[in-house]
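Structure first, commentary second.
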Amino acid sequence: DNNSLWGDMPHVARISLPLLCLVWRSAGNNHGVQAAFSRASTSSRPLSLSIHRVGRAFLSNSGRAMSASTSEVAPRVLVPIADDSEEIETTCITDTLTRFGASVVVASVKADGELVCKMSRGVKFLADVTIADASKEEWDYIVCPGGMPGAKHLSDCETLIDMLKKQKAAEKKYAAICAAPAVTLTPHGLADDPATCYPAPAFLEALKNPVEGDVVVSGNVVTSKGPGTALKFALQLGEELYGKEKADQIAAEMLVSR
C-alpha cells in the first residue's frame with residue numbers, strides 16, 4: 001500500500017527514494033552501487049545513513065568511470081577516523097584535498113562497523129565506509145588525523161595498520177598529524193624518518209627522529225603538528241599529489257599564506 005509505505009517513512013527517505021530508484025536503474029553492472037543497496041536493505045542503521053552510503057557508492061563509482069573515460073583518474077585519498085579523532089584536522093584534510101580534485105573517502109575504524117564517529121570536541125562525523133570495505137581498495141594516500149584517544153584507536157586497528165604497512169612497502173604515500181605521528185605511526189615502524197607531531201613531551205619522546213617544523217616531508221611520509229597547522233598540512237598533501245603550482249593556486253583561493 002503506497003500510502004502506508006510513505007506514511008511510515010521519515011522525510012529524508014521520502015525525498016530520496018525516487019533518487020535511489022534512478023540510481024539503481026542507472027547502476028547496470030556497477031557492483032559497488034549494487035553492494036551498497038544490498039547493505040542498505042539489510043542494515044539496522046537509520047535509513048538516512050543507508051541512503052548516504054548508496055549515494056556515495058554511486059558517485060564514487062560513477063566518478064571513477066567518468067575520470068577513466070577521459071584518462072584523468074583522480075587520486076584516491078583515504079582518511080580513517082575513530083571516536084575522538086580531531087575534527088578540525090579531519091575537515092581540513094577532506095575539504096582541502098577535495099578542492100584539489102582528489103577523490104576523498106572517510107573510513108570509520110570502529111570495530112562494530114558503525115559509521116558515525118563522535119570526534120574529540122563532540123562533533124559527529126558520518127564516515128563513507130568502514131575500514132573493512134576500504135581495505136579492499138587501493139589508495140594513493142592514507143592520511144591519519146590526530147586527536148586523543150582517537151589516534152590510539154587508529155593505532156589499535158589492525159586492518160588500518162596493515163594497510164599503512166602495505167602502503168609503505170609499495171612506496172606509496174601516507175601522512176599523519178598531531179598525535180598520530182607518535183601514537184599511530186611510530187609504534188608500528190611507520191615514522192622512523194624525521195617527523196613532527198603535536199609538541200607535547202610524551203609525543204616528541206615517542207618519535208624516533210623528531211624535528212621542528214609545522215609540516216615535515218620525509219620521502220613518502222608527511223607529518224604535521226596539530227589543528228593550527230592543519231591547512232598547511234593539507235595543502236602540502238595536495239602539493240605532493242598535484243605539484244606546487246596547483247597547491248599555490250588552491251592556497252590563494254582559500255586565502256592561506258604558504
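We name chains A, B, ... following the order of the C-alpha cells; residues begin at 1 in each chain, and ligands are numbered from 1 as shown.
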
Discussion item. List the spatial neighbours of Cys178 in chain A as a list in words - criterion: any atom at most 7 Å away, only C-alpha atoms, same-chain residues fewer than 2 positions off excluded.
Written reply: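 Residues meeting the cut-off are Gly146, Gly147, Ala180, Pro181, Cys197, Tyr198, Ser224, Lys225 and Gly226 of chain A.
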
Worksheet item: range 71-85 of chain A: which residues within 7 Å, counting only C-alpha atoms, same-chain residues fewer than 2 positions away excluded, as a ChimeraX atom specification?
Response: /A:64,67-69,87,101-110,117-120,139-151,153-154

Next, write the just-selected residues to a file, as a short mmCIF file (atom, residue, chain, number, x, y, z; two decimals), in the first residue's frame, keeping N, CA, C and O atoms as the atom set.
data_model
loop_
_atom_site.label_atom_id
_atom_site.label_comp_id
_atom_site.auth_asym_id
_atom_site.auth_seq_id
_atom_site.Cartn_x
_atom_site.Cartn_y
_atom_site.Cartn_z
N ARG A 64 34.72 7.54 -10.88
CA ARG A 64 35.90 6.84 -11.37
C ARG A 64 35.72 6.46 -12.83
O ARG A 64 36.66 6.54 -13.63
N SER A 67 36.14 9.60 -14.91
CA SER A 67 37.54 10.01 -14.94
C SER A 67 38.33 9.11 -15.86
O SER A 67 39.18 9.55 -16.63
N ALA A 68 38.06 7.79 -15.78
CA ALA A 68 38.79 6.83 -16.61
C ALA A 68 38.52 7.08 -18.08
O ALA A 68 39.40 6.94 -18.93
N SER A 69 37.26 7.48 -18.41
CA SER A 69 36.91 7.68 -19.81
C SER A 69 37.65 8.87 -20.40
O SER A 69 37.82 8.96 -21.60
N GLU A 87 38.46 16.90 14.88
CA GLU A 87 37.57 17.30 13.81
C GLU A 87 38.10 18.42 12.93
O GLU A 87 37.81 18.44 11.72
N GLY A 101 40.73 18.31 -6.28
CA GLY A 101 40.16 17.39 -7.25
C GLY A 101 40.33 15.93 -6.88
O GLY A 101 39.97 15.04 -7.66
N ALA A 102 40.89 15.66 -5.69
CA ALA A 102 41.08 14.28 -5.26
C ALA A 102 39.74 13.65 -4.88
O ALA A 102 38.79 14.34 -4.51
N SER A 103 39.69 12.34 -4.99
CA SER A 103 38.54 11.57 -4.53
C SER A 103 38.81 11.16 -3.09
O SER A 103 39.63 10.28 -2.83
N VAL A 104 38.15 11.82 -2.15
CA VAL A 104 38.44 11.64 -0.72
C VAL A 104 37.34 10.78 -0.09
O VAL A 104 36.15 11.08 -0.23
N VAL A 105 37.76 9.74 0.61
CA VAL A 105 36.82 8.84 1.28
C VAL A 105 37.19 8.76 2.75
O VAL A 105 38.36 8.58 3.10
N VAL A 106 36.20 8.91 3.62
CA VAL A 106 36.41 8.82 5.07
C VAL A 106 35.96 7.43 5.53
O VAL A 106 34.86 6.99 5.20
N ALA A 107 36.83 6.76 6.28
CA ALA A 107 36.53 5.39 6.74
C ALA A 107 36.50 5.34 8.26
O ALA A 107 37.41 5.84 8.92
N SER A 108 35.47 4.73 8.80
CA SER A 108 35.39 4.51 10.25
C SER A 108 36.14 3.23 10.61
O SER A 108 35.95 2.19 9.98
N VAL A 109 36.97 3.32 11.66
CA VAL A 109 37.69 2.13 12.12
C VAL A 109 36.98 1.45 13.29
O VAL A 109 37.52 0.51 13.88
N LYS A 110 35.78 1.89 13.61
CA LYS A 110 35.06 1.32 14.76
C LYS A 110 34.79 -0.17 14.53
O LYS A 110 34.35 -0.58 13.45
N CYS A 117 31.05 8.70 13.99
CA CYS A 117 32.11 8.84 15.00
C CYS A 117 31.93 10.16 15.74
O CYS A 117 31.74 11.21 15.11
N LYS A 118 31.98 10.11 17.06
CA LYS A 118 31.91 11.32 17.87
C LYS A 118 33.34 11.82 18.07
O LYS A 118 34.15 11.18 18.74
N MET A 119 33.63 12.96 17.50
CA MET A 119 35.00 13.46 17.46
C MET A 119 35.42 14.03 18.81
O MET A 119 34.64 14.06 19.77
N SER A 120 36.66 14.51 18.87
CA SER A 120 37.26 14.86 20.15
C SER A 120 36.57 16.02 20.86
O SER A 120 36.63 16.14 22.08
N TRP A 139 44.77 2.83 -2.56
CA TRP A 139 44.73 4.25 -2.22
C TRP A 139 46.05 4.91 -2.58
O TRP A 139 47.13 4.36 -2.36
N ASP A 140 45.95 6.12 -3.13
CA ASP A 140 47.15 6.89 -3.44
C ASP A 140 47.71 7.56 -2.19
O ASP A 140 48.92 7.80 -2.11
N TYR A 141 46.82 7.84 -1.23
CA TYR A 141 47.26 8.47 0.03
C TYR A 141 46.38 7.93 1.15
O TYR A 141 45.16 7.76 0.98
N ILE A 142 46.97 7.65 2.29
CA ILE A 142 46.22 7.39 3.51
C ILE A 142 46.65 8.44 4.52
O ILE A 142 47.84 8.56 4.82
N VAL A 143 45.69 9.22 5.02
CA VAL A 143 46.01 10.37 5.87
C VAL A 143 45.30 10.22 7.21
O VAL A 143 44.08 10.19 7.28
N CYS A 144 46.09 10.18 8.29
CA CYS A 144 45.55 9.95 9.63
C CYS A 144 45.46 11.26 10.41
O CYS A 144 46.49 11.90 10.68
N PRO A 145 44.26 11.66 10.81
CA PRO A 145 44.14 12.81 11.70
C PRO A 145 44.56 12.44 13.12
O PRO A 145 44.69 11.26 13.45
N GLY A 146 44.75 13.47 13.95
CA GLY A 146 45.15 13.21 15.33
C GLY A 146 43.96 13.20 16.27
O GLY A 146 42.89 12.71 15.94
N GLY A 147 44.18 13.80 17.43
CA GLY A 147 43.17 13.74 18.49
C GLY A 147 43.42 12.54 19.38
O GLY A 147 43.91 11.50 18.93
N MET A 148 43.10 12.70 20.65
CA MET A 148 43.27 11.60 21.60
C MET A 148 41.98 11.37 22.37
O MET A 148 41.31 12.33 22.76
N PRO A 149 41.62 10.10 22.54
CA PRO A 149 42.37 8.91 22.17
C PRO A 149 42.11 8.41 20.75
O PRO A 149 42.37 7.25 20.44
N GLY A 150 41.64 9.31 19.87
CA GLY A 150 41.37 8.88 18.51
C GLY A 150 42.57 8.28 17.82
O GLY A 150 42.46 7.25 17.14
N ALA A 151 43.75 8.91 18.00
CA ALA A 151 44.96 8.39 17.36
C ALA A 151 45.31 6.99 17.88
O ALA A 151 45.82 6.15 17.14
N HIS A 153 43.04 4.81 18.91
CA HIS A 153 42.07 3.92 18.27
C HIS A 153 42.55 3.55 16.86
O HIS A 153 42.40 2.39 16.44
N LEU A 154 43.12 4.50 16.14
CA LEU A 154 43.66 4.20 14.81
C LEU A 154 44.82 3.21 14.94
O LEU A 154 44.93 2.25 14.16
#

Discussion item. Considering only strand (DSSP E) as DSSP defines it on the backbone, what residues of range 62-236 of chain A qualify? List them as a PyMOL selection string.
Written reply: chain A and resi 76-81+103-108+116-118+124-126+129-130+141-144+173-177+215-218+221-224

Kindly save the residues from that selection, with N, CA and C atoms included, as an mmCIF file, in the first residue's frame.
data_model
loop_
_atom_site.group_PDB
_atom_site.id
_atom_site.type_symbol
_atom_site.label_atom_id
_atom_site.label_comp_id
_atom_site.auth_asym_id
_atom_site.auth_seq_id
_atom_site.Cartn_x
_atom_site.Cartn_y
_atom_site.Cartn_z
ATOM 1 N N ARG A 76 43.136 8.925 -5.228
ATOM 2 C CA ARG A 76 42.202 8.422 -4.214
ATOM 3 C C ARG A 76 42.844 8.556 -2.835
ATOM 4 N N VAL A 77 42.170 9.260 -1.952
ATOM 5 C CA VAL A 77 42.701 9.552 -0.616
ATOM 6 C C VAL A 77 41.768 8.947 0.428
ATOM 7 N N LEU A 78 42.342 8.186 1.348
ATOM 8 C CA LEU A 78 41.569 7.608 2.452
ATOM 9 C C LEU A 78 41.894 8.345 3.744
ATOM 10 N N VAL A 79 40.859 8.753 4.465
ATOM 11 C CA VAL A 79 41.029 9.408 5.762
ATOM 12 C C VAL A 79 40.336 8.541 6.813
ATOM 13 N N PRO A 80 41.080 7.758 7.588
ATOM 14 C CA PRO A 80 40.464 6.934 8.637
ATOM 15 C C PRO A 80 40.168 7.765 9.873
ATOM 16 N N ILE A 81 39.010 7.526 10.478
ATOM 17 C CA ILE A 81 38.651 8.234 11.706
ATOM 18 C C ILE A 81 38.103 7.257 12.732
ATOM 19 N N SER A 103 39.693 12.336 -4.992
ATOM 20 C CA SER A 103 38.541 11.571 -4.529
ATOM 21 C C SER A 103 38.809 11.159 -3.091
ATOM 22 N N VAL A 104 38.155 11.822 -2.149
ATOM 23 C CA VAL A 104 38.437 11.636 -0.722
ATOM 24 C C VAL A 104 37.341 10.782 -0.087
ATOM 25 N N VAL A 105 37.756 9.740 0.611
ATOM 26 C CA VAL A 105 36.824 8.837 1.280
ATOM 27 C C VAL A 105 37.187 8.758 2.754
ATOM 28 N N VAL A 106 36.202 8.914 3.623
ATOM 29 C CA VAL A 106 36.409 8.820 5.073
ATOM 30 C C VAL A 106 35.958 7.428 5.531
ATOM 31 N N ALA A 107 36.826 6.759 6.278
ATOM 32 C CA ALA A 107 36.526 5.392 6.738
ATOM 33 C C ALA A 107 36.499 5.339 8.257
ATOM 34 N N SER A 108 35.467 4.728 8.802
ATOM 35 C CA SER A 108 35.389 4.508 10.249
ATOM 36 C C SER A 108 36.137 3.229 10.613
ATOM 37 N N VAL A 116 29.105 6.436 12.273
ATOM 38 C CA VAL A 116 29.091 7.719 12.976
ATOM 39 C C VAL A 116 30.163 7.718 14.067
ATOM 40 N N CYS A 117 31.054 8.697 13.993
ATOM 41 C CA CYS A 117 32.114 8.837 14.998
ATOM 42 C C CYS A 117 31.926 10.161 15.739
ATOM 43 N N LYS A 118 31.980 10.107 17.058
ATOM 44 C CA LYS A 118 31.915 11.318 17.871
ATOM 45 C C LYS A 118 33.337 11.815 18.073
ATOM 46 N N LYS A 124 29.844 15.176 15.503
ATOM 47 C CA LYS A 124 29.629 13.831 14.976
ATOM 48 C C LYS A 124 29.890 13.808 13.470
ATOM 49 N N PHE A 125 30.771 12.906 13.057
ATOM 50 C CA PHE A 125 31.109 12.734 11.650
ATOM 51 C C PHE A 125 30.481 11.442 11.137
ATOM 52 N N LEU A 126 29.928 11.498 9.936
ATOM 53 C CA LEU A 126 29.411 10.303 9.283
ATOM 54 C C LEU A 126 30.416 9.844 8.238
ATOM 55 N N VAL A 129 32.551 4.843 4.552
ATOM 56 C CA VAL A 129 32.673 3.386 4.505
ATOM 57 C C VAL A 129 33.302 2.898 5.810
ATOM 58 N N THR A 130 33.264 1.609 6.020
ATOM 59 C CA THR A 130 34.017 1.001 7.118
ATOM 60 C C THR A 130 35.450 0.767 6.656
ATOM 61 N N TYR A 141 46.824 7.837 -1.229
ATOM 62 C CA TYR A 141 47.255 8.468 0.029
ATOM 63 C C TYR A 141 46.376 7.932 1.153
ATOM 64 N N ILE A 142 46.974 7.653 2.290
ATOM 65 C CA ILE A 142 46.218 7.386 3.515
ATOM 66 C C ILE A 142 46.649 8.443 4.522
ATOM 67 N N VAL A 143 45.690 9.219 5.025
ATOM 68 C CA VAL A 143 46.008 10.371 5.873
ATOM 69 C C VAL A 143 45.304 10.225 7.212
ATOM 70 N N CYS A 144 46.093 10.177 8.290
ATOM 71 C CA CYS A 144 45.555 9.953 9.634
ATOM 72 C C CYS A 144 45.456 11.261 10.414
ATOM 73 N N LYS A 173 52.202 6.860 -0.680
ATOM 74 C CA LYS A 173 52.179 7.960 0.267
ATOM 75 C C LYS A 173 51.225 7.716 1.446
ATOM 76 N N TYR A 174 51.643 8.188 2.618
ATOM 77 C CA TYR A 174 50.768 8.247 3.783
ATOM 78 C C TYR A 174 51.213 9.404 4.658
ATOM 79 N N ALA A 175 50.337 9.823 5.569
ATOM 80 C CA ALA A 175 50.610 11.034 6.344
ATOM 81 C C ALA A 175 49.859 10.982 7.668
ATOM 82 N N ALA A 176 50.309 11.830 8.592
ATOM 83 C CA ALA A 176 49.671 11.892 9.909
ATOM 84 C C ALA A 176 49.929 13.252 10.525
ATOM 85 N N ILE A 177 49.009 13.666 11.410
ATOM 86 C CA ILE A 177 49.107 14.981 12.035
ATOM 87 C C ILE A 177 48.786 14.872 13.519
ATOM 88 N N VAL A 215 55.185 21.502 9.109
ATOM 89 C CA VAL A 215 54.950 20.366 8.218
ATOM 90 C C VAL A 215 56.301 19.791 7.814
ATOM 91 N N VAL A 216 56.456 18.492 7.935
ATOM 92 C CA VAL A 216 57.726 17.843 7.613
ATOM 93 C C VAL A 216 57.482 16.756 6.565
ATOM 94 N N VAL A 217 58.241 16.840 5.468
ATOM 95 C CA VAL A 217 58.155 15.842 4.405
ATOM 96 C C VAL A 217 59.391 14.968 4.452
ATOM 97 N N SER A 218 59.181 13.665 4.623
ATOM 98 C CA SER A 218 60.288 12.699 4.620
ATOM 99 C C SER A 218 59.952 11.605 3.609
ATOM 100 N N VAL A 221 56.309 10.217 3.331
ATOM 101 C CA VAL A 221 55.590 10.431 4.585
ATOM 102 C C VAL A 221 55.576 11.926 4.932
ATOM 103 N N VAL A 222 54.390 12.448 5.208
ATOM 104 C CA VAL A 222 54.245 13.849 5.623
ATOM 105 C C VAL A 222 53.631 13.886 7.017
ATOM 106 N N THR A 223 54.209 14.681 7.894
ATOM 107 C CA THR A 223 53.688 14.829 9.256
ATOM 108 C C THR A 223 53.511 16.307 9.584
ATOM 109 N N SER A 224 52.672 16.581 10.587
ATOM 110 C CA SER A 224 52.409 17.966 10.965
ATOM 111 C C SER A 224 52.017 18.039 12.432
#

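CA of Cys92 in chain A sits 21.7 Å away from CA of Ala200 in chain A.
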
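Coordinates place CA of Val123 in chain A at a distance of 29.6 Å from CA of Gln167 in chain A.
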
Discussion item. To one decimal place in Å, what is the distance between CA of Gly238 in chain A and CA of Glu205 in chain A?
Written reply: 28.9 Å

Practice prompt. Just the residues within 12 Å of Ala251 in chain A, please, counting only C-alpha atoms, with nothing from its chain fewer than 5 positions along; format it as a ChimeraX atom specification.
Written response: /A:96-97,99-100,231-236,238-239,244-246,256-258

Resulting file, chosen residues, C-alpha atoms, as an mmCIF file, in the first residue's frame:
data_model
loop_
_atom_site.group_PDB
_atom_site.id
_atom_site.type_symbol
_atom_site.label_atom_id
_atom_site.label_comp_id
_atom_site.auth_asym_id
_atom_site.auth_seq_id
_atom_site.Cartn_x
_atom_site.Cartn_y
_atom_site.Cartn_z
ATOM 1 C CA THR A 96 41.242 20.909 1.026
ATOM 2 C CA LEU A 97 42.067 17.768 -0.942
ATOM 3 C CA ARG A 99 39.303 21.320 -3.704
ATOM 4 C CA PHE A 100 42.370 19.927 -5.490
ATOM 5 C CA LEU A 231 45.560 23.753 6.463
ATOM 6 C CA LYS A 232 49.299 23.938 5.728
ATOM 7 C CA PHE A 233 49.436 20.182 6.140
ATOM 8 C CA ALA A 234 46.538 19.568 3.756
ATOM 9 C CA LEU A 235 47.978 21.960 1.174
ATOM 10 C CA GLN A 236 51.289 20.096 1.332
ATOM 11 C CA GLY A 238 47.860 18.434 -2.290
ATOM 12 C CA GLU A 239 51.272 19.579 -3.489
ATOM 13 C CA LYS A 244 53.454 23.255 -6.174
ATOM 14 C CA GLU A 245 51.773 25.448 -8.787
ATOM 15 C CA LYS A 246 48.390 23.840 -8.120
ATOM 16 C CA VAL A 256 46.076 30.919 3.054
ATOM 17 C CA SER A 257 49.684 32.103 3.079
ATOM 18 C CA ARG A 258 52.276 29.412 2.391
#

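Proximity to Ile93 in chain A was assessed for A:Thr229, A:Ser135, A:Ser155, A:Gln249 counting only C-alpha atoms; the smallest distance is recorded for A:Thr229.
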
Item to complete: Name all residues at most 10 Å from Lys136 in chain A (count only C-alpha atoms; drop same-chain ones fewer than 4 positions away) and give them as a list in words.
Response: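 Selected residues are Ile131, Ala132 and Met163 of chain A.
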